[in-house]
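Enquirer: Handing over my_file-v2.tsv, TSV, C-alpha atoms and all ligand atoms.
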```
chain	number	residue	atom	x	y	z
I	1	MET	CA	-15.41	9.85	9.41
I	2	ASP	CA	-15.02	13.00	7.34
I	3	LEU	CA	-13.36	12.29	3.98
I	4	THR	CA	-10.61	14.88	4.43
I	5	GLU	CA	-9.83	13.45	7.86
I	6	ALA	CA	-9.63	9.97	6.32
I	7	ILE	CA	-7.30	11.02	3.51
I	8	TYR	CA	-5.01	13.03	5.77
I	9	GLY	CA	-5.19	10.71	8.77
I	10	ARG	CA	-4.48	7.32	7.17
I	11	ARG	CA	-0.98	6.06	7.90
I	12	ALA	CA	0.96	2.89	7.21
I	13	ILE	CA	0.61	1.08	10.54
I	14	ARG	CA	3.43	-1.27	11.56
I	15	HIS	CA	2.45	-2.13	15.14
I	16	TYR	CA	-0.75	-3.98	15.94
I	17	THR	CA	-2.53	-5.27	19.02
I	18	ASP	CA	-3.44	-8.97	19.21
I	19	ALA	CA	-7.17	-8.19	19.00
I	20	PRO	CA	-8.72	-10.01	16.04
I	21	VAL	CA	-10.29	-8.15	13.15
I	22	PRO	CA	-13.94	-9.25	12.88
I	23	THR	CA	-14.84	-11.15	9.71
I	24	THR	CA	-17.60	-8.63	9.06
I	25	ALA	CA	-14.98	-5.86	9.00
I	26	VAL	CA	-12.91	-7.78	6.44
I	27	GLU	CA	-16.04	-8.13	4.32
I	28	GLN	CA	-16.74	-4.42	4.66
I	29	LEU	CA	-13.21	-3.57	3.50
I	30	ILE	CA	-13.53	-5.78	0.43
I	31	LYS	CA	-16.90	-4.19	-0.38
I	32	ALA	CA	-15.30	-0.73	-0.15
I	33	ALA	CA	-12.53	-1.90	-2.51
I	34	LEU	CA	-15.19	-2.93	-5.04
I	35	GLN	CA	-16.39	0.69	-5.21
I	36	ALA	CA	-13.17	1.77	-6.93
I	37	PRO	CA	-13.39	2.94	-10.52
I	38	SER	CA	-12.00	0.60	-13.16
I	39	ALA	CA	-11.23	0.98	-16.83
I	40	THR	CA	-14.34	0.18	-18.89
I	41	ASN	CA	-15.82	-1.07	-15.60
I	42	GLN	CA	-13.97	-4.36	-15.96
I	43	GLN	CA	-13.60	-4.76	-12.17
I	44	PRO	CA	-10.56	-6.95	-12.79
I	45	TRP	CA	-9.81	-7.69	-9.16
I	46	ALA	CA	-9.89	-10.71	-6.89
I	47	PHE	CA	-9.13	-10.94	-3.19
I	48	GLY	CA	-7.26	-13.39	-1.03
I	49	VAL	CA	-7.61	-13.37	2.74
I	50	VAL	CA	-5.10	-15.04	5.06
I	51	ARG	CA	-5.86	-14.94	8.77
I	52	GLY	CA	-3.87	-15.89	11.85
I	53	GLN	CA	-0.82	-14.22	13.33
I	54	GLU	CA	1.15	-17.47	13.62
I	55	HIS	CA	0.38	-18.51	10.06
I	56	LEU	CA	1.39	-15.08	8.78
I	57	LYS	CA	4.64	-15.22	10.77
I	58	GLN	CA	5.47	-18.54	9.06
I	59	MET	CA	4.65	-17.02	5.70
I	60	SER	CA	6.84	-14.03	6.54
I	61	ASP	CA	9.79	-16.33	7.30
I	62	ARG	CA	9.39	-18.06	3.95
I	63	ALA	CA	8.97	-14.75	2.13
I	64	LYS	CA	12.10	-13.38	3.83
I	65	ASP	CA	14.19	-16.34	2.65
I	66	TYR	CA	12.98	-15.69	-0.88
I	67	ILE	CA	13.51	-11.91	-0.72
I	68	LEU	CA	17.05	-12.38	0.62
I	69	VAL	CA	17.96	-14.57	-2.34
I	70	THR	CA	16.33	-12.34	-4.95
I	71	LEU	CA	17.20	-8.90	-3.50
I	72	PRO	CA	19.50	-7.05	-5.93
I	73	ARG	CA	23.07	-7.06	-4.60
I	74	ASP	CA	23.07	-3.33	-4.27
I	75	LEU	CA	25.01	-1.57	-1.54
I	76	THR	CA	22.09	0.78	-0.84
I	77	LEU	CA	19.91	-2.22	0.02
I	78	HIS	CA	22.24	-3.64	2.68
I	79	HIS	CA	20.15	-2.30	5.55
I	80	ILE	CA	17.11	-4.14	4.16
I	81	ALA	CA	19.07	-7.37	3.85
I	82	ASP	CA	20.33	-6.91	7.44
I	83	SER	CA	16.84	-6.44	8.77
I	84	LEU	CA	15.55	-9.48	6.87
I	85	THR	CA	18.18	-11.74	8.44
I	86	ARG	CA	16.87	-10.89	11.92
I	87	PRO	CA	14.50	-13.61	13.16
I	88	GLU	CA	12.19	-11.06	14.79
I	89	THR	CA	11.58	-9.20	11.52
I	90	ASN	CA	8.11	-9.96	10.26
I	91	VAL	CA	7.34	-8.49	6.84
I	92	PHE	CA	3.66	-8.61	7.85
I	93	HIS	CA	4.36	-6.58	11.01
I	94	ASP	CA	2.83	-9.27	13.27
I	95	ALA	CA	-0.63	-8.47	11.95
I	96	GLY	CA	-3.27	-11.19	12.10
I	97	THR	CA	-4.98	-10.42	8.79
I	98	LEU	CA	-3.61	-10.14	5.29
I	99	ILE	CA	-5.74	-9.18	2.31
I	100	ILE	CA	-4.12	-9.73	-1.08
I	101	ILE	CA	-5.51	-7.89	-4.09
I	102	TYR	CA	-4.96	-9.80	-7.32
I	103	ALA	CA	-5.39	-8.47	-10.85
I	104	LYS	CA	-7.25	-10.76	-13.20
I	105	PRO	CA	-6.18	-10.75	-16.84
I	106	ALA	CA	-8.05	-7.88	-18.48
I	107	ARG	CA	-7.66	-5.72	-21.54
I	108	PHE	CA	-7.17	-2.30	-19.97
I	109	HIS	CA	-5.11	-1.30	-16.90
I	110	PRO	CA	-6.02	-4.10	-14.45
I	111	VAL	CA	-3.07	-3.30	-12.19
I	112	GLU	CA	-4.01	0.38	-11.90
I	113	ASP	CA	-7.61	-0.59	-11.13
I	114	CYS	CA	-6.39	-2.82	-8.32
I	115	PHE	CA	-4.29	-0.03	-6.80
I	116	LEU	CA	-7.40	2.16	-6.72
I	117	ALA	CA	-9.25	-0.68	-4.99
I	118	ALA	CA	-6.36	-0.93	-2.52
I	119	GLN	CA	-6.59	2.74	-1.60
I	120	ASN	CA	-10.36	2.41	-1.06
I	121	LEU	CA	-9.75	-0.57	1.19
I	122	MET	CA	-7.14	1.26	3.26
I	123	LEU	CA	-9.30	4.38	3.66
I	124	ALA	CA	-12.32	2.28	4.64
I	125	ALA	CA	-10.19	0.48	7.23
I	126	HIS	CA	-9.05	3.79	8.64
I	127	GLY	CA	-12.70	4.86	8.87
I	128	LEU	CA	-13.37	1.78	11.02
I	129	GLY	CA	-10.42	2.56	13.30
I	130	LEU	CA	-8.34	-0.23	11.76
I	131	GLY	CA	-4.76	0.17	10.60
I	132	THR	CA	-3.34	-1.09	7.33
I	133	CYS	CA	0.04	-1.34	5.64
I	134	PRO	CA	0.73	-2.22	2.02
I	135	ILE	CA	3.41	-4.93	1.88
I	136	GLY	CA	5.25	-4.53	-1.39
I	137	PHE	CA	8.05	-6.66	0.02
I	138	ALA	CA	5.88	-9.79	-0.14
I	139	ARG	CA	4.55	-9.25	-3.65
I	140	GLN	CA	7.03	-11.34	-5.59
I	141	TRP	CA	6.94	-14.23	-3.16
I	142	LEU	CA	3.13	-14.30	-3.02
I	143	ASP	CA	3.11	-14.18	-6.82
I	144	LEU	CA	5.15	-17.40	-7.17
I	145	PRO	CA	3.04	-20.08	-8.87
I	146	GLU	CA	3.62	-22.53	-6.01
I	147	ILE	CA	2.41	-20.03	-3.40
I	148	LYS	CA	-0.68	-19.19	-5.44
I	149	HIS	CA	-1.26	-22.92	-5.80
I	150	GLU	CA	-0.90	-23.38	-2.04
I	151	LEU	CA	-3.45	-20.61	-1.40
I	152	GLY	CA	-5.83	-21.90	-4.06
I	153	VAL	CA	-5.39	-18.84	-6.27
I	154	PRO	CA	-5.45	-19.16	-10.07
I	155	VAL	CA	-1.89	-18.86	-11.36
I	156	ARG	CA	-2.96	-16.38	-14.06
I	157	TYR	CA	-3.98	-13.89	-11.37
I	158	THR	CA	-1.22	-11.40	-10.50
I	159	VAL	CA	-0.50	-10.12	-7.01
I	160	VAL	CA	-0.91	-6.35	-7.04
I	161	MET	CA	-1.10	-5.35	-3.39
I	162	PRO	CA	-0.84	-7.39	-0.21
I	163	ILE	CA	-2.24	-5.29	2.67
I	164	VAL	CA	-2.05	-6.19	6.34
I	165	VAL	CA	-4.94	-5.13	8.55
I	166	GLY	CA	-5.21	-4.90	12.31
I	167	TRP	CA	-5.96	-2.71	15.30
I	168	PRO	CA	-3.21	-0.10	15.66
I	169	ALA	CA	-1.17	-0.53	18.85
I	170	ALA	CA	-0.50	3.23	18.85
I	171	PRO	CA	-1.20	6.16	16.55
I	172	ALA	CA	1.46	6.47	13.86
I	173	PRO	CA	3.22	9.81	13.48
I	174	SER	CA	2.40	11.77	10.38
I	175	VAL	CA	4.76	11.38	7.45
I	176	PRO	CA	5.62	14.69	5.79
I	177	ARG	CA	4.92	15.13	2.10
I	178	ARG	CA	6.99	17.16	-0.32
I	179	GLU	CA	5.46	20.15	-2.06
I	180	PRO	CA	3.76	19.08	-5.28
I	181	GLU	CA	5.77	19.56	-8.43
I	182	ILE	CA	3.29	21.42	-10.61
I	183	VAL	CA	4.96	21.43	-13.98
I	184	CYS	CA	2.11	23.06	-15.83
I	185	TRP	CA	-1.00	25.03	-14.83
I	186	ARG	CA	-2.71	26.98	-17.56
I	187	GLU	CA	-6.12	28.59	-17.49
I	188	THR	CA	-8.21	30.26	-20.16
I	189	PRO	CA	-9.50	33.67	-19.04
I	190	GLY	CA	-11.00	35.13	-22.18
I	191	ARG	CA	-9.14	33.83	-25.18
I	192	GLY	CA	-6.01	31.81	-25.21
I	193	LEU	CA	-4.08	30.21	-22.39
I	194	SER	CA	-2.39	32.24	-19.73
I	195	ALA	CA	-0.16	31.16	-16.88
I	196	VAL	CA	-1.54	31.84	-13.39
I	197	PRO	CA	0.42	32.67	-10.24
I	198	PHE	CA	1.76	29.49	-8.66
I	199	PRO	CA	-0.78	28.55	-5.96
I	200	PHE	CA	1.53	26.59	-3.64
I	201	ALA	CA	4.39	27.79	-1.50
I	202	ARG	CA	7.60	28.03	-3.46
I	203	PRO	CA	11.02	27.63	-1.92
I	204	SER	CA	12.28	31.11	-1.05
I	205	PRO	CA	14.82	32.47	-3.49
I	206	ALA	CA	18.42	32.20	-2.45
I	207	PRO	CA	19.63	35.38	-0.68
I	208	PRO	CA	21.86	37.61	-2.83
I	209	SER	CA	25.49	36.69	-2.44
I	210	PRO	CA	27.49	39.23	-0.40
I	211	GLY	CA	29.61	41.68	-2.35
I	301	LIG	C1	3.43	-0.01	-3.34
I	301	LIG	C2	3.77	0.14	-1.87
I	301	LIG	C3	4.54	-0.82	-1.26
I	301	LIG	C4	4.84	-0.69	0.12
I	301	LIG	N1	5.54	-1.70	0.73
I	301	LIG	C5	5.76	-1.64	2.07
I	301	LIG	C6	6.38	-2.74	2.74
I	301	LIG	O1	6.74	-3.76	2.15
I	301	LIG	N2	6.54	-2.63	4.08
I	301	LIG	C7	6.14	-1.52	4.79
I	301	LIG	O2	6.31	-1.50	6.01
I	301	LIG	N3	5.56	-0.47	4.17
I	301	LIG	C8	5.34	-0.51	2.83
I	301	LIG	N4	4.68	0.53	2.19
I	301	LIG	C9	4.21	1.68	2.99
I	301	LIG	C10	5.04	2.95	2.71
I	301	LIG	O3	6.31	2.82	3.28
I	301	LIG	C11	4.28	4.15	3.28
I	301	LIG	O4	3.04	4.24	2.64
I	301	LIG	C12	5.06	5.45	3.13
I	301	LIG	O5	6.21	5.43	3.92
I	301	LIG	C13	4.23	6.69	3.52
I	301	LIG	O6	3.72	6.56	4.82
I	301	LIG	P1	2.15	6.66	5.11
I	301	LIG	O7	1.47	5.55	4.34
I	301	LIG	O8	2.02	6.49	6.59
I	301	LIG	O9	1.68	7.98	4.65
I	301	LIG	C14	4.39	0.44	0.85
I	301	LIG	C15	3.60	1.40	0.19
I	301	LIG	C16	3.28	1.25	-1.13
I	301	LIG	C17	2.41	2.29	-1.78
```
Please express the file's structure as structure tokens.
Expert:
Amino acid sequence: MDLTEAIYGRRAIRHYTDAPVPTTAVEQLIKAALQAPSATNQQPWAFGVVRGQEHLKQMSDRAKDYILVTLPRDLTLHHIADSLTRPETNVFHDAGTLIIIYAKPARFHPVEDCFLAAQNLMLAAHGLGLGTCPIGFARQWLDLPEIKHELGVPVRYTVVMPIVVGWPAAPAPSVPRREPEIVCWRETPGRGLSAVPFPFARPSPAPPSPG
């Protein structure tokens, strides 16, 4: 797949078919994640793989109980709390594969390195026709020492990004992006810095007020 197509075509997929993701594909995704840059080439990542739709549904139910208790009691979050109380809500979107990217203790920016690895993994999945969705909702629960213990993960490793993977049930609609906020763009033609015309579309100026 063309790189531009991959970057622009990847979407968070929240509906999956029941078709299993081959183990070789999971391995390929992890290998793509390893190609991410990392500060001083520390490669401070580790990966957890949990497979099985039923198992992930059970984990989702446990994660939901935890999220409901820990969710800030904020009026704006009521719709999230409502959705989490519904038995059919699955924070893992009924996917059959979950890959968790953990940051290992490291001197420089291990969390940022792991996010770069996550993006590589998601783009590689898209290239294979697979869908992915980052599951920030499950981070705190998966990061509990008892859950890491249950999964056999060293407690000193930190959950950075849980990502579900599966075959998309349908193409996801594109999600519009806002115009970039370019706060500074200076170039040096000849000597000294000079501002250049803004290269992106600007909002049109407000029409003059009548009278
Ligand atoms: C750090 C992070 C956490 C996210 N957590 C969730 C989540 O818990 N559940 C979910 O359905 N989507 C989650 N998403 C996906 C975003 O909602 C999605 O990327 C965003 O709406 C833009 O859509 P797109 O990825 O299709 O472009 C998360 C994305 C990121 C980057």
Enquirer: Just the number, please: distance in Å from atom C9 of ligand LIG 301 (chain I) to atom CA of Ala12 of chain I, one decimal.
Expert: 5.5 Å
Enquirer: Which residues are close to Ala81 of chain I, i.e. within 8 Å by all atoms listed in the file, leaving aside same-chain residues fewer than 3 positions away? Reply as a list in words.
Expert: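 Returned residues: Leu68, Leu71, Leu77, His78, Leu84 and Thr85 of chain I.
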Enquirer: Given the point (-7.0, -14.5, 13.4) in the coordinates of this file, which residues lie within 6 Å, counting only C-alpha atoms, and how would they look as a list in words?
Expert: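 It turns out the residues near that spot are Pro20, Arg51, Gly52 and Gly96 of chain I.
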Enquirer: With all atoms listed in the file as the basis for distance, which of I:Ser60, I:Gln140, I:Thr158, I:Gln35 is at the shortest distance from His93 of chain I?
Expert: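 Checking each candidate against His93 of chain I, we get I:Ser60 as the closest.
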Enquirer: Would you tabulate, counting all atoms listed in the file, all residues of segment 116-142 of chain I that have an atom at most 8 Å from an atom of segment 24-31 of chain I, showing the closest pair of atoms and their distance in Å to one decimal, sorted by chain then ascending number, as a Markdown table?
Expert:
```
| residue | atom | partner | partner_atom | distance |
| --- | --- | --- | --- | --- |
| I:Leu121 | CA | I:Leu29 | CA | 5.1 |
| I:Met122 | CA | I:Leu29 | CA | 7.8 |
| I:Ala124 | CA | I:Leu29 | CA | 6.0 |
| I:Ala125 | CA | I:Leu29 | CA | 6.3 |
```
Enquirer: Taking only C-alpha atoms and all ligand atoms and a cut-off of 6 Å, can you tell me which residues surround ligand LIG 301 (chain I), written as a tab-separated table (two decimals) with C-alpha atoms, in the coordinates of the input?
Expert:
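Saved to pocket23.tsv:
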```tsv
chain	number	residue	atom	x	y	z
I	11	ARG	CA	-0.98	6.06	7.90
I	12	ALA	CA	0.96	2.89	7.21
I	133	CYS	CA	0.04	-1.34	5.64
I	134	PRO	CA	0.73	-2.22	2.02
I	135	ILE	CA	3.41	-4.93	1.88
I	136	GLY	CA	5.25	-4.53	-1.39
I	137	PHE	CA	8.05	-6.66	0.02
I	175	VAL	CA	4.76	11.38	7.45
```
Enquirer: Record the distance separating atom CA of Val49 of chain I and atom CA of Ile101 of chain I, expressed in Å with one decimal.
Expert: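 Going from atom CA of Val49 of chain I over to atom CA of Ile101 of chain I covers 9.0 Å.
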Enquirer: For atom CA of Lys64 of chain I and atom CA of Pro105 of chain I, determine how far apart the two atoms are, in Å to one decimal place.
Expert: 27.7 Å
Enquirer: Name the closest residue to Pro154 of chain I among the candidates I:Ala172, I:Ala103, I:Val50, I:Ile182; distances are taken between atoms, counting all atoms listed in the file.
Expert: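 Of all the options, I:Ala103 lies closest to Pro154 of chain I.
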Enquirer: Find the smallest box with edges along x, y and z containing every listed atom of segment 7-25 of chain I, then add 6 Å on each side and report centre and edge lengths in Å to one decimal, as JSON.
Expert:
```
{"center_x": -7.1, "center_y": 0.9, "center_z": 11.4, "size_x": 33.0, "size_y": 36.2, "size_z": 27.7}
```
Enquirer: What's around Arg62 of chain I at 12 Å? Count all atoms listed in the file, leave out sequence neighbours fewer than 5 positions away in its own chain, and write the answer as an NGL selection string.
Expert: :I and (55-57 or 67-69 or 84-85 or 87 or 89-92 or 138 or 140-142 or 144 or 147)
Enquirer: List the neighbours of Leu123 of chain I out to 7 Å using only C-alpha atoms; skip same-chain residues closer than 5 positions along the sequence, and give me the result as a list of chain:residue names.
Expert: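 Selected residues are I:Ala6, I:Ile7, I:Arg10.
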Enquirer: Counting only C-alpha atoms, write as number ranges by chain all protein and nucleic acid residues lying at most 12 Å from (-7.1, 10.9, 13.4) in the file's frame.
Expert: I: 1-11, 123, 126-131, 168, 170-174
Enquirer: Taking all atoms listed in the file into account, which of I:Tyr16, I:Phe115, I:Tyr66, I:Trp45 comes nearest Trp167 of chain I?
Expert: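 Going through I:Tyr16, I:Phe115, I:Tyr66, I:Trp45 one by one, the smallest distance to Trp167 of chain I is for I:Tyr16.
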Enquirer: Smallest atom-to-atom distance to Gln43 of chain I: which of I:Ala106, I:Val153, I:Ile13, I:Ala19, using only C-alpha atoms?
Expert: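 Ranking I:Ala106, I:Val153, I:Ile13, I:Ala19 by distance to Gln43 of chain I, first place goes to I:Ala106.
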Enquirer: Using only C-alpha atoms for the distances, tell me which of I:Thr76, I:Pro110, I:Asn120, I:Ala95 is nearest to Asn41 of chain I.
Expert: I:Pro110
Enquirer: Missing atoms in segment 46-68 of chain I: fill them in up to N, CA and C atoms and send the result as a CSV table (one decimal), in the frame of the given file.
Expert:
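Result went into rebuild-v5.csv, see below:
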```
chain,number,residue,atom,x,y,z
I,46,ALA,N,-9.5,-9.6,-7.7
I,46,ALA,CA,-9.9,-10.7,-6.9
I,46,ALA,C,-9.2,-10.5,-5.6
I,47,PHE,N,-9.7,-11.2,-4.5
I,47,PHE,CA,-9.1,-10.9,-3.2
I,47,PHE,C,-8.8,-12.3,-2.5
I,48,GLY,N,-7.6,-12.2,-1.8
I,48,GLY,CA,-7.3,-13.4,-1.0
I,48,GLY,C,-7.2,-12.9,0.4
I,49,VAL,N,-7.7,-13.7,1.3
I,49,VAL,CA,-7.6,-13.4,2.7
I,49,VAL,C,-6.9,-14.5,3.5
I,50,VAL,N,-5.8,-14.1,4.2
I,50,VAL,CA,-5.1,-15.0,5.1
I,50,VAL,C,-5.2,-14.5,6.5
I,51,ARG,N,-5.6,-15.4,7.4
I,51,ARG,CA,-5.9,-14.9,8.8
I,51,ARG,C,-5.0,-15.8,9.7
I,52,GLY,N,-4.6,-15.2,10.8
I,52,GLY,CA,-3.9,-15.9,11.8
I,52,GLY,C,-2.4,-15.4,11.9
I,53,GLN,N,-2.1,-14.8,13.1
I,53,GLN,CA,-0.8,-14.2,13.3
I,53,GLN,C,0.3,-15.2,13.1
I,54,GLU,N,0.1,-16.5,13.7
I,54,GLU,CA,1.2,-17.5,13.6
I,54,GLU,C,1.4,-17.9,12.2
I,55,HIS,N,0.3,-18.1,11.5
I,55,HIS,CA,0.4,-18.5,10.1
I,55,HIS,C,1.1,-17.4,9.3
I,56,LEU,N,0.8,-16.2,9.5
I,56,LEU,CA,1.4,-15.1,8.8
I,56,LEU,C,2.9,-14.9,9.1
I,57,LYS,N,3.2,-15.3,10.4
I,57,LYS,CA,4.6,-15.2,10.8
I,57,LYS,C,5.4,-16.3,10.0
I,58,GLN,N,4.8,-17.5,9.8
I,58,GLN,CA,5.5,-18.5,9.1
I,58,GLN,C,5.6,-18.1,7.6
I,59,MET,N,4.6,-17.5,7.1
I,59,MET,CA,4.6,-17.0,5.7
I,59,MET,C,5.7,-16.0,5.6
I,60,SER,N,5.8,-15.1,6.6
I,60,SER,CA,6.8,-14.0,6.5
I,60,SER,C,8.2,-14.7,6.5
I,61,ASP,N,8.5,-15.7,7.3
I,61,ASP,CA,9.8,-16.3,7.3
I,61,ASP,C,10.1,-16.9,5.9
I,62,ARG,N,9.1,-17.5,5.3
I,62,ARG,CA,9.4,-18.1,4.0
I,62,ARG,C,9.6,-16.9,2.9
I,63,ALA,N,8.8,-15.9,3.1
I,63,ALA,CA,9.0,-14.8,2.1
I,63,ALA,C,10.3,-14.1,2.3
I,64,LYS,N,10.8,-14.0,3.6
I,64,LYS,CA,12.1,-13.4,3.8
I,64,LYS,C,13.2,-14.2,3.2
I,65,ASP,N,13.2,-15.5,3.3
I,65,ASP,CA,14.2,-16.3,2.6
I,65,ASP,C,14.2,-16.0,1.2
I,66,TYR,N,13.1,-15.9,0.6
I,66,TYR,CA,13.0,-15.7,-0.9
I,66,TYR,C,13.5,-14.3,-1.2
I,67,ILE,N,13.1,-13.3,-0.4
I,67,ILE,CA,13.5,-11.9,-0.7
I,67,ILE,C,15.0,-11.8,-0.6
I,68,LEU,N,15.6,-12.5,0.4
I,68,LEU,CA,17.0,-12.4,0.6
I,68,LEU,C,17.8,-12.9,-0.6
```
